[in-house]
>>> print(open('work.csv').read())   # CSV, C-alpha atoms
chain,number,residue,atom,x,y,z
F,1329,MET,CA,32.8,-7.4,-12.3
F,1330,PRO,CA,34.5,-4.3,-10.8
F,1331,GLY,CA,32.7,-2.5,-8.0
F,1332,PRO,CA,31.8,1.2,-7.9
F,1333,ALA,CA,34.7,3.7,-7.9
F,1334,PRO,CA,35.7,4.9,-4.5
F,1335,ASP,CA,34.2,8.3,-5.0
F,1336,GLU,CA,31.0,7.1,-6.6
F,1337,PRO,CA,28.0,7.9,-4.3
F,1338,SER,CA,25.9,5.0,-3.1
F,1339,PRO,CA,22.1,5.1,-3.8
F,1340,PRO,CA,20.3,7.4,-1.4
F,1341,TYR,CA,18.1,4.5,-0.1
F,1342,PRO,CA,18.6,1.0,1.2
F,1343,PRO,CA,18.7,-1.8,-1.4
F,1344,ALA,CA,16.0,-4.4,-1.7
F,1345,PRO,CA,14.9,-6.5,0.0
F,1346,TRP,CA,13.3,-4.2,2.6
F,1347,ARG,CA,12.1,-5.9,5.8
F,1348,PHE,CA,9.7,-4.5,8.3
F,1349,ARG,CA,7.6,-5.1,11.4
F,1350,GLY,CA,4.4,-3.2,12.0
F,1351,ARG,CA,0.7,-3.1,11.5
F,1352,LEU,CA,-1.5,-2.8,8.4
F,1353,TRP,CA,-5.2,-2.3,7.5
F,1354,ALA,CA,-6.7,-3.5,4.2
F,1355,ALA,CA,-10.1,-2.4,2.9
F,1356,LEU,CA,-12.2,-2.7,-0.3
F,1357,LEU,CA,-14.2,0.4,-0.9
F,1358,PRO,CA,-17.0,0.6,-3.5
F,1359,VAL,CA,-16.6,3.4,-6.0
F,1360,ARG,CA,-19.2,5.1,-8.2
F,1361,ARG,CA,-17.5,4.4,-11.5
F,1362,PRO,CA,-15.3,1.4,-12.6
F,1363,LEU,CA,-11.6,2.0,-12.0
F,1364,PRO,CA,-9.5,2.3,-15.2
F,1365,VAL,CA,-7.3,-0.8,-15.8
F,1366,PRO,CA,-4.3,-0.6,-18.2
F,1367,PRO,CA,-4.7,-2.7,-21.3
F,1368,ASP,CA,-1.9,-5.1,-20.3
F,1369,LEU,CA,-3.8,-6.1,-17.1
F,1370,ARG,CA,-7.2,-7.5,-16.3
F,1371,PRO,CA,-9.5,-6.7,-13.4
F,1372,LEU,CA,-9.5,-9.2,-10.6
F,1373,GLY,CA,-13.1,-9.4,-9.6
F,1374,SER,CA,-15.0,-6.2,-9.8
F,1375,ALA,CA,-13.5,-3.0,-11.2
F,1376,SER,CA,-15.9,-1.1,-9.0
F,1377,LEU,CA,-13.9,-1.9,-5.8
F,1378,LEU,CA,-11.0,0.3,-4.7
F,1379,ALA,CA,-8.4,-1.6,-2.7
F,1380,VAL,CA,-6.8,0.5,0.1
F,1381,GLY,CA,-3.8,-0.4,2.2
F,1382,LEU,CA,-2.7,1.6,5.2
F,1383,VAL,CA,0.5,0.5,6.9
F,1384,ARG,CA,2.6,1.6,9.9
F,1385,TYR,CA,6.2,0.3,9.5
F,1386,ARG,CA,7.4,0.5,13.1
F,1387,GLU,CA,10.7,-1.4,12.8
F,1388,GLY,CA,13.0,-2.6,10.1
F,1389,THR,CA,14.7,-1.1,7.0
F,1390,LEU,CA,12.9,2.2,7.5
F,1391,VAL,CA,10.2,3.5,9.8
F,1392,TYR,CA,7.3,5.3,8.2
F,1393,ASP,CA,3.6,5.3,7.4
F,1394,GLU,CA,2.0,4.5,4.0
F,1395,LEU,CA,-1.3,4.8,2.3
F,1396,ALA,CA,-1.7,3.0,-1.1
F,1397,MET,CA,-4.7,2.4,-3.3
F,1398,GLY,CA,-5.7,1.0,-6.7
F,1399,PRO,CA,-7.7,-1.7,-8.4
F,1400,LEU,CA,-7.0,-5.4,-7.9
F,1401,VAL,CA,-5.7,-6.8,-11.2
F,1402,ARG,CA,-4.1,-9.9,-12.7
F,1403,ARG,CA,-1.6,-10.6,-15.5
F,1404,GLY,CA,-1.5,-14.2,-16.5
F,1405,ARG,CA,-1.1,-16.2,-13.3
F,1406,ARG,CA,0.0,-13.2,-11.3
F,1407,ALA,CA,-2.5,-11.1,-9.3
F,1408,GLY,CA,-2.2,-8.2,-6.9
F,1409,LEU,CA,-2.8,-4.6,-6.2
F,1410,LEU,CA,-2.1,-2.1,-9.0
F,1411,ILE,CA,-0.4,0.6,-7.0
F,1412,ASP,CA,-1.2,3.7,-8.9
F,1413,ARG,CA,-1.6,6.0,-5.9
F,1414,ILE,CA,0.7,5.9,-2.9
F,1415,TRP,CA,1.8,8.3,-0.1
F,1416,VAL,CA,4.4,7.8,2.6
F,1417,SER,CA,5.8,9.9,5.5
F,1418,ASP,CA,9.5,9.5,4.7
F,1419,ALA,CA,11.6,11.0,1.9
F,1420,THR,CA,14.0,8.0,1.8
F,1421,SER,CA,11.0,5.7,1.2
F,1422,VAL,CA,9.9,8.0,-1.7
F,1423,ARG,CA,13.3,7.7,-3.4
F,1424,GLY,CA,13.6,3.9,-2.8
F,1425,GLY,CA,10.0,3.3,-3.9
F,1426,ARG,CA,10.6,5.1,-7.1
F,1427,GLY,CA,14.1,3.9,-7.8
F,1428,ILE,CA,13.7,0.2,-6.9
F,1429,TRP,CA,10.0,-0.7,-7.6
F,1430,GLY,CA,8.9,2.1,-9.9
F,1431,LEU,CA,6.2,3.2,-7.4
F,1432,PRO,CA,4.7,6.7,-7.8
F,1433,LYS,CA,5.3,7.5,-4.1
F,1434,GLU,CA,4.6,11.0,-2.8
F,1435,LEU,CA,5.2,12.6,0.6
F,1436,ALA,CA,2.3,13.0,3.0
F,1437,GLU,CA,1.7,13.7,6.7
F,1438,PHE,CA,-0.1,11.1,8.8
F,1439,THR,CA,-1.8,12.2,12.0
F,1440,TRP,CA,-2.9,9.3,14.2
F,1441,THR,CA,-5.2,8.8,17.1
F,1442,ASP,CA,-6.0,5.4,18.8
F,1443,ARG,CA,-8.9,4.8,16.3
F,1444,SER,CA,-8.2,7.0,13.2
F,1445,VAL,CA,-5.7,8.6,10.9
F,1446,ARG,CA,-5.7,11.7,8.8
F,1447,VAL,CA,-3.5,11.9,5.7
F,1448,ALA,CA,-2.6,15.1,3.9
F,1449,ASP,CA,-0.1,16.0,1.2
F,1450,ARG,CA,1.2,19.3,-0.1
F,1451,HIS,CA,-2.1,19.9,-1.9
F,1452,GLY,CA,-4.2,19.5,1.2
F,1453,PRO,CA,-6.2,16.7,3.0
F,1454,LEU,CA,-6.4,13.3,1.3
F,1455,ALA,CA,-8.4,11.1,3.6
F,1456,GLU,CA,-9.4,10.4,7.2
F,1457,LEU,CA,-10.1,6.8,8.1
F,1458,ALA,CA,-11.5,5.4,11.3
F,1459,PHE,CA,-11.2,1.8,12.6
F,1460,ALA,CA,-13.4,-0.3,14.8
F,1461,PRO,CA,-11.9,-3.7,15.8
F,1462,GLY,CA,-14.0,-6.8,15.7
F,1463,ARG,CA,-13.7,-10.0,17.7
F,1464,LEU,CA,-12.7,-12.5,15.0
F,1465,ARG,CA,-9.0,-13.1,15.1
F,1466,LEU,CA,-6.9,-15.7,13.2
F,1467,PRO,CA,-3.5,-17.0,14.4
F,1468,PRO,CA,-0.4,-15.7,12.6
F,1469,LEU,CA,-0.1,-17.1,9.1
F,1470,PRO,CA,2.2,-16.5,6.1
F,1471,MET,CA,0.4,-14.5,3.4
F,1472,PRO,CA,1.4,-13.1,0.0
F,1473,LEU,CA,1.3,-9.4,-0.4
F,1474,PRO,CA,1.7,-8.9,-4.2
F,1475,GLY,CA,1.5,-5.7,-6.3
F,1476,PHE,CA,2.1,-4.3,-9.7
F,1477,SER,CA,3.9,-1.1,-10.6
F,1478,GLY,CA,5.3,0.6,-13.7
F,1479,SER,CA,3.4,1.0,-17.0
F,1480,ALA,CA,2.4,-1.1,-20.0
F,1481,GLY,CA,5.6,-2.3,-21.6
F,1482,ARG,CA,7.6,-1.7,-18.4
F,1483,ARG,CA,5.3,-3.5,-16.0
F,1484,LEU,CA,6.9,-4.7,-12.7
F,1485,PHE,CA,5.5,-7.3,-10.3
F,1486,ILE,CA,6.4,-7.0,-6.6
F,1487,PRO,CA,6.2,-10.4,-4.8
F,1488,GLY,CA,5.9,-9.1,-1.2
F,1489,ARG,CA,5.0,-11.5,1.6
F,1490,LEU,CA,4.2,-11.2,5.3
F,1491,VAL,CA,3.4,-13.2,8.4
F,1492,GLY,CA,0.9,-11.9,10.9
F,1493,GLY,CA,-2.3,-12.4,12.8
F,1494,THR,CA,-5.4,-11.2,10.9
F,1495,ARG,CA,-8.3,-9.5,12.7
F,1496,ARG,CA,-11.7,-8.5,11.3
F,1497,GLU,CA,-11.8,-4.7,11.6
F,1498,THR,CA,-14.3,-2.2,10.3
F,1499,VAL,CA,-12.8,0.7,8.2
F,1500,THR,CA,-14.9,3.8,7.7
F,1501,VAL,CA,-14.1,6.8,5.6
F,1502,VAL,CA,-14.6,10.0,7.6
F,1503,SER,CA,-13.4,12.4,4.9
F,1504,TRP,CA,-12.2,11.8,1.3
F,1505,SER,CA,-10.6,14.2,-1.2
F,1506,ASP,CA,-12.2,14.8,-4.5
F,1507,ARG,CA,-8.8,14.1,-6.0
F,1508,LEU,CA,-9.4,10.4,-5.2
F,1509,PRO,CA,-11.9,8.0,-6.9
F,1510,ALA,CA,-15.5,8.9,-5.9
F,1511,LEU,CA,-16.9,6.5,-3.4
F,1512,GLU,CA,-20.3,4.8,-3.5
F,1513,ARG,CA,-20.4,4.5,0.3
F,1514,THR,CA,-18.1,5.3,3.2
F,1515,THR,CA,-17.9,1.9,4.9
F,1516,ALA,CA,-15.6,-0.8,3.5
F,1517,ARG,CA,-17.3,-3.8,1.9
F,1518,LEU,CA,-14.5,-6.0,3.4
F,1519,SER,CA,-11.8,-4.9,5.8
F,1520,ALA,CA,-9.2,-6.4,8.2
F,1521,SER,CA,-6.0,-5.6,10.1
F,1522,VAL,CA,-2.8,-7.6,10.4
F,1523,ALA,CA,-0.9,-6.9,13.6
F,1524,PRO,CA,1.8,-7.4,14.4
F,1525,PHE,CA,3.3,-8.5,11.1
F,1526,ARG,CA,6.7,-9.3,9.7
F,1527,MET,CA,7.1,-8.3,6.0
F,1528,THR,CA,9.6,-8.8,3.3
F,1529,VAL,CA,9.5,-6.7,0.1
F,1530,PRO,CA,12.0,-8.1,-2.4
F,1531,GLY,CA,13.2,-6.5,-5.6
F,1532,PRO,CA,10.6,-6.4,-8.5
F,1533,VAL,CA,10.2,-8.9,-11.3
F,1534,ARG,CA,9.7,-7.6,-14.8
F,1535,CYS,CA,6.5,-9.0,-16.3
>>> encode(input="work.csv", output="structure tokens")
Amino acid sequence: MPGPAPDEPSPPYPPAPWRFRGRLWAALLPVRRPLPVPPDLRPLGSASLLAVGLVRYREGTLVYDELAMGPLVRRGRRAGLLIDRIWVSDATSVRGGRGIWGLPKELAEFTWTDRSVRVADRHGPLAELAFAPGRLRLPPLPMPLPGFSGSAGRRLFIPGRLVGGTRRETVTVVSWSDRLPALERTTARLSASVAPFRMTVPGPVRC
């Protein structure tokens, strides 16, 4: 198969897979009303829990911060996070996320302290989250990091994976935009951090 013409521009983002090192936090937040789940997917557990992932990609394909959220869902034997809201701090990540994985990435600004982060997009503040580390720590283990993107009829599965040491960590919501699903309470029902991690995000698989 012939390659691209010499004057044909290359994609404005790195091709998959993307590989990273960094730190992430994961939390399940109770919401006041069940989260909507598209008809081609099924809730995984309770539809009244919002899964939130906060990531600092410090080395690798790109360096940026990310906040993603959505319900936990399944489709057949596949299960993962339905990524229906996601913000990142890098424009190249926005283009690659949309172009490769069909993710609805938007730009946002992340302001960090040692124990918290504030996230705001062009419309204003989104969320402020605070962290309190616990004592329980597990040794580095390989873990799946799966997700769904796209829409019914064009659904994509993202078979991400990582290796890292997991630590119990309390995640508390300090502020929360009314543009996000309304919360039942501001302390996560279950939360943890993985640091440091090594992550690989391959190209998507069409469901």
>>> atom_distance(input="work.csv", atom1="CA of Val1522 in chain F", atom2="CA of Arg1413 in chain F")
21.3 Å
>>> residues_around(input="work.csv", residues="Asp1449 in chain F", least_positions_apart="4", cutoff="8 Å", atoms="all atoms listed in the file", output="list in words")
Glu1434, Leu1435, Ala1436, Glu1437, Pro1453 and Leu1454 of chain F
>>> closest_residue(input="work.csv", among="F:Pro1509, F:Gly1424, F:Pro1371, F:Pro1524", to="Pro1339 in chain F", atoms="all atoms listed in the file")
F:Gly1424
>>> closest_residue(input="work.csv", among="F:Leu1400, F:Leu1372, F:Val1447, F:Ile1428", to="Pro1342 in chain F", atoms="only C-alpha atoms")
F:Ile1428
>>> residues_around(input="work.csv", residues="Pro1340 in chain F", least_positions_apart="6", cutoff="10 Å", atoms="only C-alpha atoms", output="NGL selection string")
:F and (1419-1421 or 1423-1424 or 1427)
>>> closest_residue(input="work.csv", among="F:Trp1353, F:Phe1459, F:Phe1348, F:Phe1485", to="Ser1521 in chain F", atoms="only C-alpha atoms")
F:Trp1353
>>> closest_residue(input="work.csv", among="F:Glu1512, F:Ser1477, F:Met1471, F:Asp1393", to="Thr1494 in chain F", atoms="all atoms listed in the file")
F:Met1471
>>> closest_residue(input="work.csv", among="F:Ala1510, F:Val1391, F:Leu1464, F:Val1416", to="Leu1377 in chain F", atoms="all atoms listed in the file")
F:Ala1510
>>> atom_distance(input="work.csv", atom1="CA of Arg1426 in chain F", atom2="CA of Ile1414 in chain F")
10.8 Å
>>> closest_residue(input="work.csv", among="F:Gly1381, F:Pro1367, F:Pro1530, F:Gly1493", to="Pro1467 in chain F", atoms="all atoms listed in the file")
F:Gly1493
>>> residues_near_point(input="work.csv", point="(-8.1, -7.6, -10.9)", cutoff="9 Å", atoms="all atoms listed in the file", output="VMD selection string")
chain F and resid 1365 1369 to 1375 1399 to 1403 1407 to 1410
>>> residues_near_point(input="work.csv", point="(11.8, -10.2, -14.0)", cutoff="12 Å", atoms="all atoms listed in the file", output="list in words")
Trp1429, Arg1482, Arg1483, Leu1484, Phe1485, Ile1486, Pro1487, Pro1530, Gly1531, Pro1532, Val1533, Arg1534 and Cys1535 of chain F
>>> atom_distance(input="work.csv", atom1="CA of Leu1469 in chain F", atom2="CA of Leu1352 in chain F")
14.4 Å
>>> residues_around(input="work.csv", residues="Arg1513 in chain F", least_positions_apart="4", cutoff="10 Å", atoms="all atoms listed in the file", output="short mmCIF file (atom, residue, chain, number, x, y, z; two decimals) with C-alpha atoms, in the frame of the given file")
data_model
loop_
_atom_site.label_atom_id
_atom_site.label_comp_id
_atom_site.auth_asym_id
_atom_site.auth_seq_id
_atom_site.Cartn_x
_atom_site.Cartn_y
_atom_site.Cartn_z
CA LEU F 1357 -14.20 0.40 -0.90
CA PRO F 1358 -17.00 0.60 -3.50
CA VAL F 1359 -16.60 3.40 -6.00
CA ARG F 1360 -19.20 5.10 -8.20
CA THR F 1500 -14.90 3.80 7.70
CA VAL F 1501 -14.10 6.80 5.60
CA ARG F 1517 -17.30 -3.80 1.90
#
>>> residues_around(input="work.csv", residues="Met1397 in chain F", least_positions_apart="4", cutoff="6 Å", atoms="all atoms listed in the file", output="list in words")
Ala1379, Val1380, Ile1411 and Arg1413 of chain F
>>> decode(input="work.csv", residues="range 1336-1386 of chain F", atoms="C-alpha atoms", output="PDB file, in the first residue's frame")
ATOM      1  CA  GLU F1336       0.445  15.390   2.865  1.00  0.00           C
ATOM      2  CA  PRO F1337       0.407  16.679   6.483  1.00  0.00           C
ATOM      3  CA  SER F1338       0.790  14.130   9.261  1.00  0.00           C
ATOM      4  CA  PRO F1339      -1.909  13.948  11.970  1.00  0.00           C
ATOM      5  CA  PRO F1340      -1.519  16.782  14.519  1.00  0.00           C
ATOM      6  CA  TYR F1341      -1.097  14.262  17.353  1.00  0.00           C
ATOM      7  CA  PRO F1342       0.964  11.126  18.072  1.00  0.00           C
ATOM      8  CA  PRO F1343      -0.476   7.813  16.866  1.00  0.00           C
ATOM      9  CA  ALA F1344      -1.666   5.121  19.267  1.00  0.00           C
ATOM     10  CA  PRO F1345      -0.524   3.550  21.462  1.00  0.00           C
ATOM     11  CA  TRP F1346       0.148   6.336  23.926  1.00  0.00           C
ATOM     12  CA  ARG F1347       2.433   5.432  26.830  1.00  0.00           C
ATOM     13  CA  PHE F1348       2.736   7.324  30.101  1.00  0.00           C
ATOM     14  CA  ARG F1349       4.145   7.461  33.600  1.00  0.00           C
ATOM     15  CA  GLY F1350       2.442   9.419  36.335  1.00  0.00           C
ATOM     16  CA  ARG F1351      -0.145   9.322  39.089  1.00  0.00           C
ATOM     17  CA  LEU F1352      -3.892   8.821  39.141  1.00  0.00           C
ATOM     18  CA  TRP F1353      -6.786   9.003  41.578  1.00  0.00           C
ATOM     19  CA  ALA F1354     -10.022   7.057  41.127  1.00  0.00           C
ATOM     20  CA  ALA F1355     -13.227   7.649  43.086  1.00  0.00           C
ATOM     21  CA  LEU F1356     -16.865   6.568  43.135  1.00  0.00           C
ATOM     22  CA  LEU F1357     -19.182   9.454  44.081  1.00  0.00           C
ATOM     23  CA  PRO F1358     -22.865   8.896  44.949  1.00  0.00           C
ATOM     24  CA  VAL F1359     -25.227  11.011  42.827  1.00  0.00           C
ATOM     25  CA  ARG F1360     -28.784  12.099  43.549  1.00  0.00           C
ATOM     26  CA  ARG F1361     -30.313  10.631  40.393  1.00  0.00           C
ATOM     27  CA  PRO F1362     -29.316   7.533  38.390  1.00  0.00           C
ATOM     28  CA  LEU F1363     -26.904   8.352  35.570  1.00  0.00           C
ATOM     29  CA  PRO F1364     -28.242   7.897  32.029  1.00  0.00           C
ATOM     30  CA  VAL F1365     -26.828   4.846  30.244  1.00  0.00           C
ATOM     31  CA  PRO F1366     -27.148   4.489  26.440  1.00  0.00           C
ATOM     32  CA  PRO F1367     -29.385   1.621  25.258  1.00  0.00           C
ATOM     33  CA  ASP F1368     -26.483  -0.400  23.814  1.00  0.00           C
ATOM     34  CA  LEU F1369     -24.820  -0.557  27.256  1.00  0.00           C
ATOM     35  CA  ARG F1370     -25.855  -1.801  30.691  1.00  0.00           C
ATOM     36  CA  PRO F1371     -25.000  -0.371  34.117  1.00  0.00           C
ATOM     37  CA  LEU F1372     -22.204  -2.165  35.938  1.00  0.00           C
ATOM     38  CA  GLY F1373     -23.439  -2.199  39.515  1.00  0.00           C
ATOM     39  CA  SER F1374     -25.329   0.902  40.632  1.00  0.00           C
ATOM     40  CA  ALA F1375     -26.246   3.653  38.144  1.00  0.00           C
ATOM     41  CA  SER F1376     -26.240   6.031  41.131  1.00  0.00           C
ATOM     42  CA  LEU F1377     -22.432   6.056  41.352  1.00  0.00           C
ATOM     43  CA  LEU F1378     -20.333   8.433  39.281  1.00  0.00           C
ATOM     44  CA  ALA F1379     -16.838   7.132  38.519  1.00  0.00           C
ATOM     45  CA  VAL F1380     -14.227   9.891  38.485  1.00  0.00           C
ATOM     46  CA  GLY F1381     -10.653   9.565  37.276  1.00  0.00           C
ATOM     47  CA  LEU F1382      -8.032  12.261  37.842  1.00  0.00           C
ATOM     48  CA  VAL F1383      -4.638  11.734  36.203  1.00  0.00           C
ATOM     49  CA  ARG F1384      -1.284  13.512  36.055  1.00  0.00           C
ATOM     50  CA  TYR F1385       0.650  12.230  33.029  1.00  0.00           C
ATOM     51  CA  ARG F1386       4.191  13.327  33.972  1.00  0.00           C
TER      52      ARG F1386
END
